[in-house]
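Structure file work11.pdb (PDB, C-alpha atoms) is printed below.
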```
MODEL        1
ATOM      1  CA  MET A   1      99.339 137.672  73.472
ATOM      2  CA  ASN A   2      97.400 137.605  76.786
ATOM      3  CA  ASN A   3      97.802 136.436  80.366
ATOM      4  CA  ALA A   4      95.861 133.195  79.816
ATOM      5  CA  PHE A   5      97.946 131.915  76.895
ATOM      6  CA  PRO A   6     101.172 131.058  78.831
ATOM      7  CA  ARG A   7      99.243 129.277  81.598
ATOM      8  CA  ILE A   8      97.119 127.215  79.211
ATOM      9  CA  LEU A   9     100.058 126.391  76.946
ATOM     10  CA  SER A  10     101.951 125.026  79.951
ATOM     11  CA  LEU A  11      98.852 123.199  81.249
ATOM     12  CA  LEU A  12      98.287 121.452  77.915
ATOM     13  CA  ARG A  13     101.846 120.160  77.863
ATOM     14  CA  SER A  14     101.554 118.965  81.454
ATOM     15  CA  GLU A  15      98.277 117.176  80.734
ATOM     16  CA  LYS A  16      99.875 115.474  77.752
ATOM     17  CA  HIS A  17     102.729 114.270  80.024
ATOM     18  CA  ILE A  18     105.528 115.394  77.739
ATOM     19  CA  SER A  19     108.695 117.316  78.440
ATOM     20  CA  GLN A  20     109.233 120.855  77.283
ATOM     21  CA  LYS A  21     112.083 119.573  75.120
ATOM     22  CA  GLN A  22     109.814 117.060  73.379
ATOM     23  CA  ALA A  23     107.018 119.578  72.860
ATOM     24  CA  ALA A  24     109.431 122.132  71.392
ATOM     25  CA  GLU A  25     110.823 119.536  69.017
ATOM     26  CA  ASP A  26     107.353 118.455  67.902
ATOM     27  CA  LEU A  27     106.289 122.068  67.406
ATOM     28  CA  GLY A  28     109.428 122.919  65.448
ATOM     29  CA  ILE A  29     110.848 125.576  67.737
ATOM     30  CA  ALA A  30     113.740 125.864  70.198
ATOM     31  CA  GLN A  31     113.083 124.761  73.770
ATOM     32  CA  ALA A  32     114.230 128.156  75.033
ATOM     33  CA  LEU A  33     111.596 129.857  72.880
ATOM     34  CA  LEU A  34     108.851 127.526  74.111
ATOM     35  CA  SER A  35     109.980 128.244  77.661
ATOM     36  CA  HIS A  36     109.582 131.959  76.995
ATOM     37  CA  TYR A  37     106.096 131.373  75.601
ATOM     38  CA  GLU A  38     105.061 129.305  78.627
ATOM     39  CA  LYS A  39     106.417 131.912  81.031
ATOM     40  CA  GLY A  40     104.799 134.795  79.165
ATOM     41  CA  LYS A  41     108.146 136.412  78.359
ATOM     42  CA  ARG A  42     107.559 136.348  74.601
ATOM     43  CA  GLU A  43     104.491 136.537  72.409
ATOM     44  CA  CYS A  44     104.065 133.951  69.693
ATOM     45  CA  GLY A  45     102.936 134.514  66.121
ATOM     46  CA  LEU A  46      99.733 133.297  64.511
ATOM     47  CA  ASP A  47     101.533 130.385  62.843
ATOM     48  CA  PHE A  48     102.699 128.951  66.183
ATOM     49  CA  LEU A  49      99.299 129.544  67.763
ATOM     50  CA  VAL A  50      97.594 127.425  65.101
ATOM     51  CA  ARG A  51     100.287 124.729  65.267
ATOM     52  CA  ALA A  52     100.009 124.534  69.059
ATOM     53  CA  ALA A  53      96.212 124.285  68.899
ATOM     54  CA  ASP A  54      96.471 121.461  66.348
ATOM     55  CA  TYR A  55      99.208 119.718  68.335
ATOM     56  CA  TYR A  56      97.172 119.690  71.553
ATOM     57  CA  ASN A  57      93.892 119.115  69.711
ATOM     58  CA  VAL A  58      92.183 122.190  71.115
ATOM     59  CA  SER A  59      90.667 125.326  69.614
ATOM     60  CA  THR A  60      92.543 128.592  69.353
ATOM     61  CA  ASP A  61      89.781 130.175  71.467
ATOM     62  CA  TYR A  62      90.628 127.741  74.273
ATOM     63  CA  ILE A  63      94.380 128.194  74.087
ATOM     64  CA  LEU A  64      93.890 131.977  74.157
ATOM     65  CA  GLY A  65      91.639 131.695  77.212
ATOM     66  CA  ARG A  66      88.563 133.039  75.419
ATOM     67  CA  SER A  67      86.636 129.822  76.111
ATOM     68  CA  PRO A  68      87.171 127.521  79.141
ATOM     69  CA  VAL A  69      86.217 124.531  76.975
ATOM     70  CA  ARG A  70      88.764 122.772  74.762
ATOM     71  CA  SER A  71      86.466 122.803  71.735
ATOM     72  CA  GLY A  72      86.125 126.563  72.084
ATOM     73  CA  ILE A  73      82.345 126.547  72.407
ATOM     74  CA  PHE A  74      80.577 129.350  74.233
ATOM     75  CA  LEU A  75      77.787 128.022  76.419
ATOM     76  CA  THR A  76      74.209 129.149  76.241
ATOM     77  CA  GLU A  77      71.519 128.233  78.729
ATOM     78  CA  ASN A  78      70.121 125.486  76.484
ATOM     79  CA  ASP A  79      73.542 123.833  76.184
ATOM     80  CA  ILE A  80      73.613 122.810  79.857
ATOM     81  CA  PRO A  81      71.634 119.818  81.156
ATOM     82  CA  GLU A  82      69.302 120.284  84.090
ATOM     83  CA  GLY A  83      71.369 117.847  86.150
ATOM     84  CA  SER A  84      69.712 116.393  89.219
ATOM     85  CA  THR A  85      67.294 119.290  89.716
ATOM     86  CA  THR A  86      63.576 118.550  89.482
ATOM     87  CA  GLY A  87      62.502 122.151  89.098
ATOM     88  CA  LYS A  88      62.348 124.317  86.017
ATOM     89  CA  ALA A  89      63.891 127.680  85.343
ATOM     90  CA  ASP A  90      60.495 129.367  84.900
ATOM     91  CA  GLY A  91      60.534 132.828  86.423
ATOM     92  CA  PHE A  92      64.320 133.126  86.350
ATOM     93  CA  SER A  93      66.116 135.675  84.267
ATOM     94  CA  PHE A  94      68.511 134.213  81.704
ATOM     95  CA  SER A  95      71.548 134.955  83.848
ATOM     96  CA  SER A  96      70.025 133.451  87.000
ATOM     97  CA  SER A  97      68.818 130.346  85.183
ATOM     98  CA  LEU A  98      72.207 129.835  83.568
ATOM     99  CA  ALA A  99      73.994 130.293  86.896
ATOM    100  CA  LYS A 100      71.681 127.745  88.498
ATOM    101  CA  LYS A 101      72.492 125.183  85.800
ATOM    102  CA  LEU A 102      76.226 125.835  86.110
ATOM    103  CA  ILE A 103      76.097 125.159  89.852
ATOM    104  CA  ILE A 104      73.927 122.036  89.614
ATOM    105  CA  SER A 105      75.992 120.487  86.825
ATOM    106  CA  SER A 106      79.239 121.297  88.646
ATOM    107  CA  ILE A 107      77.996 119.628  91.842
ATOM    108  CA  ASP A 108      77.047 116.539  89.845
ATOM    109  CA  VAL A 109      80.601 116.289  88.474
ATOM    110  CA  ILE A 110      82.141 116.800  91.926
ATOM    111  CA  TYR A 111      80.057 114.056  93.524
ATOM    112  CA  SER A 112      80.729 111.699  90.637
ATOM    113  CA  ILE A 113      84.475 112.080  91.223
ATOM    114  CA  LEU A 114      84.007 111.745  94.980
ATOM    115  CA  SER A 115      82.077 108.504  94.528
ATOM    116  CA  LYS A 116      85.012 107.072  92.593
ATOM    117  CA  SER A 117      87.489 108.105  95.259
ATOM    118  CA  LYS A 118      85.779 106.030  97.981
ATOM    119  CA  ASN A 119      87.088 108.645 100.408
ATOM    120  CA  LYS A 120      84.256 109.055 102.932
ATOM    121  CA  LYS A 121      86.025 111.678 105.019
ATOM    122  CA  LEU A 122      86.606 113.852 101.962
ATOM    123  CA  THR A 123      83.019 113.381 100.761
ATOM    124  CA  GLN A 124      81.656 114.376 104.170
ATOM    125  CA  SER A 125      83.857 117.472 104.255
ATOM    126  CA  ILE A 126      82.821 118.593 100.773
ATOM    127  CA  THR A 127      79.184 118.006 101.712
ATOM    128  CA  THR A 128      79.617 120.209 104.785
ATOM    129  CA  ILE A 129      81.183 123.014 102.728
ATOM    130  CA  LEU A 130      78.390 122.928 100.146
ATOM    131  CA  SER A 131      75.627 122.567 102.727
ATOM    132  CA  LEU A 132      76.807 125.512 104.805
ATOM    133  CA  GLY A 133      77.107 127.650 101.679
ATOM    134  CA  ILE A 134      73.526 126.816 100.734
ATOM    135  CA  TYR A 135      72.408 127.423 104.325
ATOM    136  CA  LYS A 136      73.890 130.923 104.343
ATOM    137  CA  SER A 137      72.432 131.635 100.902
ATOM    138  CA  PHE A 138      68.952 130.625 102.024
ATOM    139  CA  ARG A 139      69.148 132.771 105.138
ATOM    140  CA  LEU A 140      69.990 135.752 102.951
ATOM    141  CA  VAL A 141      67.073 134.997 100.630
ATOM    142  CA  TYR A 142      64.810 134.588 103.679
ATOM    143  CA  LYS A 143      65.615 138.175 104.652
ATOM    144  CA  LEU A 144      64.048 139.469 101.432
ATOM    145  CA  ASN A 145      60.745 139.829 103.252
ATOM    146  CA  PRO A 146      60.982 141.295 106.772
ATOM    147  CA  LYS A 147      57.694 139.574 107.616
ATOM    148  CA  ASN A 148      59.290 136.131 107.345
ATOM    149  CA  ASP A 149      59.263 134.589 110.791
ATOM    150  CA  LYS A 150      62.754 134.389 112.271
ATOM    151  CA  ASN A 151      61.638 131.473 114.434
ATOM    152  CA  LEU A 152      62.315 129.189 111.476
ATOM    153  CA  PHE A 153      65.945 129.197 112.626
ATOM    154  CA  ILE A 154      67.319 128.077 115.958
ATOM    155  CA  ILE A 155      70.502 130.170 115.789
ATOM    156  CA  ASP A 156      70.431 133.963 115.582
ATOM    157  CA  GLU A 157      71.595 135.460 112.298
ATOM    158  CA  ASP A 158      74.924 136.982 113.353
ATOM    159  CA  SER A 159      76.057 133.894 115.219
ATOM    160  CA  ALA A 160      74.877 131.626 112.401
ATOM    161  CA  PHE A 161      76.891 133.373 109.719
ATOM    162  CA  ARG A 162      80.048 133.549 111.808
ATOM    163  CA  ALA A 163      79.784 129.893 112.848
ATOM    164  CA  ALA A 164      78.911 128.713 109.333
ATOM    165  CA  SER A 165      81.928 130.505 107.860
ATOM    166  CA  ALA A 166      84.134 128.978 110.552
ATOM    167  CA  GLY A 167      82.606 125.580 109.814
ATOM    168  CA  GLU A 168      83.447 125.954 106.129
ATOM    169  CA  LEU A 169      87.082 126.716 106.952
ATOM    170  CA  LEU A 170      87.263 123.761 109.330
ATOM    171  CA  ALA A 171      85.736 121.478 106.696
ATOM    172  CA  GLU A 172      88.317 122.677 104.169
ATOM    173  CA  GLY A 173      91.069 121.686 106.576
ATOM    174  CA  THR A 174      89.468 118.297 107.163
ATOM    175  CA  ALA A 175      89.167 117.762 103.408
ATOM    176  CA  LEU A 176      92.861 118.482 102.902
ATOM    177  CA  SER A 177      93.692 116.159 105.777
ATOM    178  CA  ALA A 178      91.544 113.431 104.214
ATOM    179  CA  ILE A 179      93.622 113.646 101.061
ATOM    180  CA  ASN A 180      97.053 114.014 102.658
ATOM    181  CA  ASP A 181      96.484 111.309 105.263
ATOM    182  CA  THR A 182      95.756 108.737 102.570
ATOM    183  CA  SER A 183      98.798 109.438 100.416
ATOM    184  CA  ASP A 184     100.270 112.193  98.290
ATOM    185  CA  ASN A 185      99.146 110.317  95.189
ATOM    186  CA  TYR A 186      95.776 109.146  96.474
ATOM    187  CA  PHE A 187      93.800 110.066  93.399
ATOM    188  CA  VAL A 188      96.162 108.331  91.001
ATOM    189  CA  ASP A 189      97.960 105.469  92.721
ATOM    190  CA  SER A 190      95.696 104.334  95.548
ATOM    191  CA  MET A 191      92.437 103.805  93.694
ATOM    192  CA  PRO A 192      90.627 100.469  93.613
ATOM    193  CA  GLU A 193      91.607  98.519  90.519
ATOM    194  CA  GLY A 194      90.068  99.959  87.357
ATOM    195  CA  VAL A 195      89.177 103.277  88.984
ATOM    196  CA  ASN A 196      90.929 106.498  88.013
ATOM    197  CA  THR A 197      90.162 109.959  89.338
ATOM    198  CA  LEU A 198      93.009 111.720  87.570
ATOM    199  CA  ILE A 199      91.548 115.036  86.441
ATOM    200  CA  THR A 200      92.458 116.797  83.209
ATOM    201  CA  THR A 201      90.351 119.067  81.048
ATOM    202  CA  ALA A 202      90.350 116.448  78.295
ATOM    203  CA  LEU A 203      89.168 113.665  80.618
ATOM    204  CA  LEU A 204      86.515 115.889  82.176
ATOM    205  CA  GLU A 205      85.059 116.840  78.826
ATOM    206  CA  SER A 206      85.261 113.256  77.563
ATOM    207  CA  GLU A 207      83.392 111.779  80.527
ATOM    208  CA  TYR A 208      81.018 114.578  81.506
ATOM    209  CA  ASN A 209      80.551 116.473  78.237
ATOM    210  CA  LYS A 210      78.344 119.533  78.823
ATOM    211  CA  GLN A 211      78.396 119.111  82.597
ATOM    212  CA  ALA A 212      82.171 119.516  82.391
ATOM    213  CA  ALA A 213      81.688 122.605  80.246
ATOM    214  CA  ALA A 214      79.448 123.999  82.984
ATOM    215  CA  LEU A 215      82.076 123.278  85.661
ATOM    216  CA  LEU A 216      84.883 124.853  83.629
ATOM    217  CA  ASN A 217      82.759 127.945  83.043
ATOM    218  CA  LEU A 218      81.939 128.138  86.758
ATOM    219  CA  ILE A 219      85.656 127.916  87.575
ATOM    220  CA  ARG A 220      86.478 130.777  85.226
ATOM    221  CA  ASN A 221      83.594 132.913  86.490
ATOM    222  CA  SER A 222      84.604 132.263  90.111
ATOM    223  CA  GLU A 223      88.231 133.163  89.504
ATOM    224  CA  ASN A 224      87.146 136.398  87.843
ATOM    225  CA  VAL A 225      85.339 137.240  91.090
ATOM    226  CA  ILE A 226      88.278 136.138  93.252
ATOM    227  CA  LYS A 227      90.667 138.383  91.295
ATOM    228  CA  ARG A 228      88.762 141.408  92.573
ATOM    229  CA  TYR A 229      89.807 140.601  96.142
ATOM    230  CA  GLU A 230      93.406 139.485  95.616
TER     231      GLU A 230
ENDMDL
END
```
Would you write the structure of this file as structure tokens?
Amino acid sequence: MNNAFPRILSLLRSEKHISQKQAAEDLGIAQALLSHYEKGKRECGLDFLVRAADYYNVSTDYILGRSPVRSGIFLTENDIPEGSTTGKADGFSFSSSLAKKLIISSIDVIYSILSKSKNKKLTQSITTILSLGIYKSFRLVYKLNPKNDKNLFIIDEDSAFRAASAGELLAEGTALSAINDTSDNYFVDSMPEGVNTLITTALLESEYNKQAAALLNLIRNSENVIKRYE
């Protein structure tokens, strides 16, 4: 079938909180066969593909990994809200404008979830990671014109990039510590009453709609880049 199908098939069952035995029974196949599908050892037929999509209430494009969104839509620039940005995309190429919207919408979703968590240490760490990434990006853009005055920055370029990258790694460690120090189930069991930061694709799309679609597209695009360096 493809490499995405086994992973997504397993993810959908996990998000639905059902056992492999129950899913196999509901889908009318043997558990051993479903296990082979989820592990990528066997390819399913069209009939099972359609049944699985109906069972998990997703599109066949999603379950095949063609679209990162459960409905199977393929985003265009106009599909994504501007988010918190006050500027317009005038002067950007389509690809740059779309990328900008993906990033802004994704950050909005991240900070919305962080606000629910009430975890200040985690929020500060994520803010540091994002801020340093933007800092490095701006310094690269600043280099476009050699006439730009380097005195804008206090720290020399080489030192700044090395220190910023180290700061990002340190912030990642602090973020993990902020989660682990609270409890292994912080995001599910230790929330204030009425607050839930459990994350599934279905919940993301239900609460954040097109902003979630932007985030899921950004995740897929990023992992395509990461695969080049594995």
Report the closest atom pair, with its distance in Å rounded to one decimal, for each residue of region 37-142 of chain A that has an atom no farther than 12 Å from region 147-169 of chain A; count only C-alpha atoms, sort by chain and then rising residue number, and write it as a tab-separated table.
```
residue	atom	partner	partner_atom	distance
A:Gln124	CA	A:Glu168	CA	11.9
A:Ser125	CA	A:Glu168	CA	8.7
A:Ile126	CA	A:Glu168	CA	9.1
A:Thr127	CA	A:Glu168	CA	10.0
A:Thr128	CA	A:Glu168	CA	7.0
A:Ile129	CA	A:Glu168	CA	5.0
A:Leu130	CA	A:Glu168	CA	8.4
A:Ser131	CA	A:Glu168	CA	9.2
A:Leu132	CA	A:Ala164	CA	5.9
A:Gly133	CA	A:Glu168	CA	7.9
A:Ile134	CA	A:Ala164	CA	10.3
A:Tyr135	CA	A:Ala164	CA	8.3
A:Lys136	CA	A:Phe161	CA	6.6
A:Ser137	CA	A:Phe161	CA	10.0
A:Phe138	CA	A:Phe153	CA	11.1
A:Arg139	CA	A:Glu157	CA	8.0
A:Leu140	CA	A:Glu157	CA	9.5
A:Val141	CA	A:Asn148	CA	10.3
A:Tyr142	CA	A:Asn148	CA	6.8
```
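Residues within 8 Å of Ala212 (chain A), counting only C-alpha atoms and excluding same-chain residues fewer than 5 positions away, are Ser105, Ser106, Val109, Leu204 and Glu205 of chain A.
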Identify, on the basis of only C-alpha atoms, every residue whose closest approach to region 26-29 of chain A does not exceed 8 Å; exclude the query and any residue fewer than 6 positions from it along the same chain; express the result as a ChimeraX atom specification.
/A:48,51-52,55
On this structure, which residues satisfy the PyMOL selection byres ((chain A and resi 72) around 12), written as an mmCIF file with C-alpha atoms, in the frame of the given file?
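Just written: selection_28.cif:
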```
data_model
loop_
_atom_site.group_PDB
_atom_site.id
_atom_site.type_symbol
_atom_site.label_atom_id
_atom_site.label_comp_id
_atom_site.auth_asym_id
_atom_site.auth_seq_id
_atom_site.Cartn_x
_atom_site.Cartn_y
_atom_site.Cartn_z
ATOM 1 C CA ALA A 53 96.212 124.285 68.899
ATOM 2 C CA ASN A 57 93.892 119.115 69.711
ATOM 3 C CA VAL A 58 92.183 122.190 71.115
ATOM 4 C CA SER A 59 90.667 125.326 69.614
ATOM 5 C CA THR A 60 92.543 128.592 69.353
ATOM 6 C CA ASP A 61 89.781 130.175 71.467
ATOM 7 C CA TYR A 62 90.628 127.741 74.273
ATOM 8 C CA ILE A 63 94.380 128.194 74.087
ATOM 9 C CA LEU A 64 93.890 131.977 74.157
ATOM 10 C CA GLY A 65 91.639 131.695 77.212
ATOM 11 C CA ARG A 66 88.563 133.039 75.419
ATOM 12 C CA SER A 67 86.636 129.822 76.111
ATOM 13 C CA PRO A 68 87.171 127.521 79.141
ATOM 14 C CA VAL A 69 86.217 124.531 76.975
ATOM 15 C CA ARG A 70 88.764 122.772 74.762
ATOM 16 C CA SER A 71 86.466 122.803 71.735
ATOM 17 C CA ILE A 73 82.345 126.547 72.407
ATOM 18 C CA PHE A 74 80.577 129.350 74.233
ATOM 19 C CA LEU A 75 77.787 128.022 76.419
ATOM 20 C CA GLU A 205 85.059 116.840 78.826
ATOM 21 C CA ALA A 213 81.688 122.605 80.246
ATOM 22 C CA LEU A 216 84.883 124.853 83.629
ATOM 23 C CA ASN A 217 82.759 127.945 83.043
#
```
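With CA of Gly40 (chain A) on one side and CA of Ser10 (chain A) on the other, the separation reads 10.2 Å.
The space between CA of Ser206 (chain A) and CA of Ser112 (chain A) spans 13.9 Å.
For the pair CA of Leu9 (chain A) and CA of Ala30 (chain A), the separation is 15.3 Å.
When all atoms listed in the file are used to measure the gap to Arg13 (chain A), the shortest distance among A:Tyr111, A:Gln31, A:Glu38, A:Leu122 belongs to A:Glu38.
Once the PyMOL selection byres ((chain A and resi 14) around 12) is applied to the depicted file, the selected set reads A:Arg7, A:Ile8, A:Leu9, A:Ser10, A:Leu11, A:Leu12, A:Arg13, A:Glu15, A:Lys16, A:His17, A:Ile18, A:Ser19, A:Gln20, A:Gln22, A:Ala23, A:Glu38, A:Tyr56, A:Ile199, A:Thr200, A:Thr201, A:Ala202.
With all atoms listed in the file as the atoms that count, the residue of A:Asp108, A:Glu230, A:Glu25, A:Glu43 with the shortest distance to Leu215 (chain A) is A:Asp108.
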Once you add 3 Å to each side, what are the centre and edge lengths of the axis-aligned box holding all listed atoms of region 56-60 of chain A? One decimal in Å, as lines of an AutoDock Vina configuration file, if you can.
```
center_x = 93.9
center_y = 123.9
center_z = 70.5
size_x = 12.5
size_y = 15.5
size_z = 8.2
```
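In terms of minimum interatomic distance to Lys121 (chain A), A:Ser177 ranks closest within A:Ser177, A:Asn221, A:Asn145, A:Ser97, counting only C-alpha atoms.
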Please fill the gaps in region 19-32 of chain A so it has N, CA, C and O atoms, and write that as a PDB file, keeping the file's coordinate frame.
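So the final result, stored in rebuild37.pdb, reads:
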```pdb
ATOM      1  N   SER A  19     107.724 116.328  77.990  1.00  0.00           N
ATOM      2  CA  SER A  19     108.695 117.316  78.440  1.00  0.00           C
ATOM      3  C   SER A  19     108.635 118.548  77.548  1.00  0.00           C
ATOM      4  O   SER A  19     108.138 118.516  76.416  1.00  0.00           O
ATOM      5  N   GLN A  20     109.167 119.631  78.069  1.00  0.00           N
ATOM      6  CA  GLN A  20     109.233 120.855  77.283  1.00  0.00           C
ATOM      7  C   GLN A  20     110.117 120.647  76.056  1.00  0.00           C
ATOM      8  O   GLN A  20     109.828 121.155  74.965  1.00  0.00           O
ATOM      9  N   LYS A  21     111.175 119.865  76.231  1.00  0.00           N
ATOM     10  CA  LYS A  21     112.083 119.573  75.120  1.00  0.00           C
ATOM     11  C   LYS A  21     111.347 118.841  74.010  1.00  0.00           C
ATOM     12  O   LYS A  21     111.492 119.175  72.826  1.00  0.00           O
ATOM     13  N   GLN A  22     110.547 117.839  74.375  1.00  0.00           N
ATOM     14  CA  GLN A  22     109.814 117.060  73.379  1.00  0.00           C
ATOM     15  C   GLN A  22     108.768 117.919  72.677  1.00  0.00           C
ATOM     16  O   GLN A  22     108.609 117.859  71.451  1.00  0.00           O
ATOM     17  N   ALA A  23     108.050 118.723  73.447  1.00  0.00           N
ATOM     18  CA  ALA A  23     107.018 119.578  72.860  1.00  0.00           C
ATOM     19  C   ALA A  23     107.637 120.570  71.882  1.00  0.00           C
ATOM     20  O   ALA A  23     107.093 120.799  70.791  1.00  0.00           O
ATOM     21  N   ALA A  24     108.762 121.164  72.260  1.00  0.00           N
ATOM     22  CA  ALA A  24     109.431 122.132  71.392  1.00  0.00           C
ATOM     23  C   ALA A  24     109.865 121.470  70.089  1.00  0.00           C
ATOM     24  O   ALA A  24     109.696 122.035  68.996  1.00  0.00           O
ATOM     25  N   GLU A  25     110.391 120.269  70.206  1.00  0.00           N
ATOM     26  CA  GLU A  25     110.823 119.536  69.017  1.00  0.00           C
ATOM     27  C   GLU A  25     109.639 119.235  68.099  1.00  0.00           C
ATOM     28  O   GLU A  25     109.712 119.422  66.883  1.00  0.00           O
ATOM     29  N   ASP A  26     108.545 118.780  68.694  1.00  0.00           N
ATOM     30  CA  ASP A  26     107.353 118.455  67.902  1.00  0.00           C
ATOM     31  C   ASP A  26     106.757 119.691  67.246  1.00  0.00           C
ATOM     32  O   ASP A  26     106.182 119.611  66.149  1.00  0.00           O
ATOM     33  N   LEU A  27     106.867 120.830  67.925  1.00  0.00           N
ATOM     34  CA  LEU A  27     106.289 122.068  67.406  1.00  0.00           C
ATOM     35  C   LEU A  27     107.240 122.840  66.496  1.00  0.00           C
ATOM     36  O   LEU A  27     106.882 123.870  65.931  1.00  0.00           O
ATOM     37  N   GLY A  28     108.470 122.328  66.377  1.00  0.00           N
ATOM     38  CA  GLY A  28     109.428 122.919  65.448  1.00  0.00           C
ATOM     39  C   GLY A  28     110.040 124.226  65.894  1.00  0.00           C
ATOM     40  O   GLY A  28     110.362 125.090  65.073  1.00  0.00           O
ATOM     41  N   ILE A  29     110.200 124.373  67.222  1.00  0.00           N
ATOM     42  CA  ILE A  29     110.848 125.576  67.737  1.00  0.00           C
ATOM     43  C   ILE A  29     111.890 125.175  68.779  1.00  0.00           C
ATOM     44  O   ILE A  29     111.914 124.031  69.244  1.00  0.00           O
ATOM     45  N   ALA A  30     112.739 126.128  69.171  1.00  0.00           N
ATOM     46  CA  ALA A  30     113.740 125.864  70.198  1.00  0.00           C
ATOM     47  C   ALA A  30     113.069 125.747  71.560  1.00  0.00           C
ATOM     48  O   ALA A  30     112.059 126.411  71.826  1.00  0.00           O
ATOM     49  N   GLN A  31     113.637 124.919  72.423  1.00  0.00           N
ATOM     50  CA  GLN A  31     113.083 124.761  73.770  1.00  0.00           C
ATOM     51  C   GLN A  31     113.092 126.078  74.520  1.00  0.00           C
ATOM     52  O   GLN A  31     112.146 126.390  75.265  1.00  0.00           O
ATOM     53  N   ALA A  32     114.145 126.863  74.332  1.00  0.00           N
ATOM     54  CA  ALA A  32     114.230 128.156  75.033  1.00  0.00           C
ATOM     55  C   ALA A  32     113.077 129.064  74.624  1.00  0.00           C
ATOM     56  O   ALA A  32     112.517 129.791  75.456  1.00  0.00           O
TER      57      ALA A  32
END
```
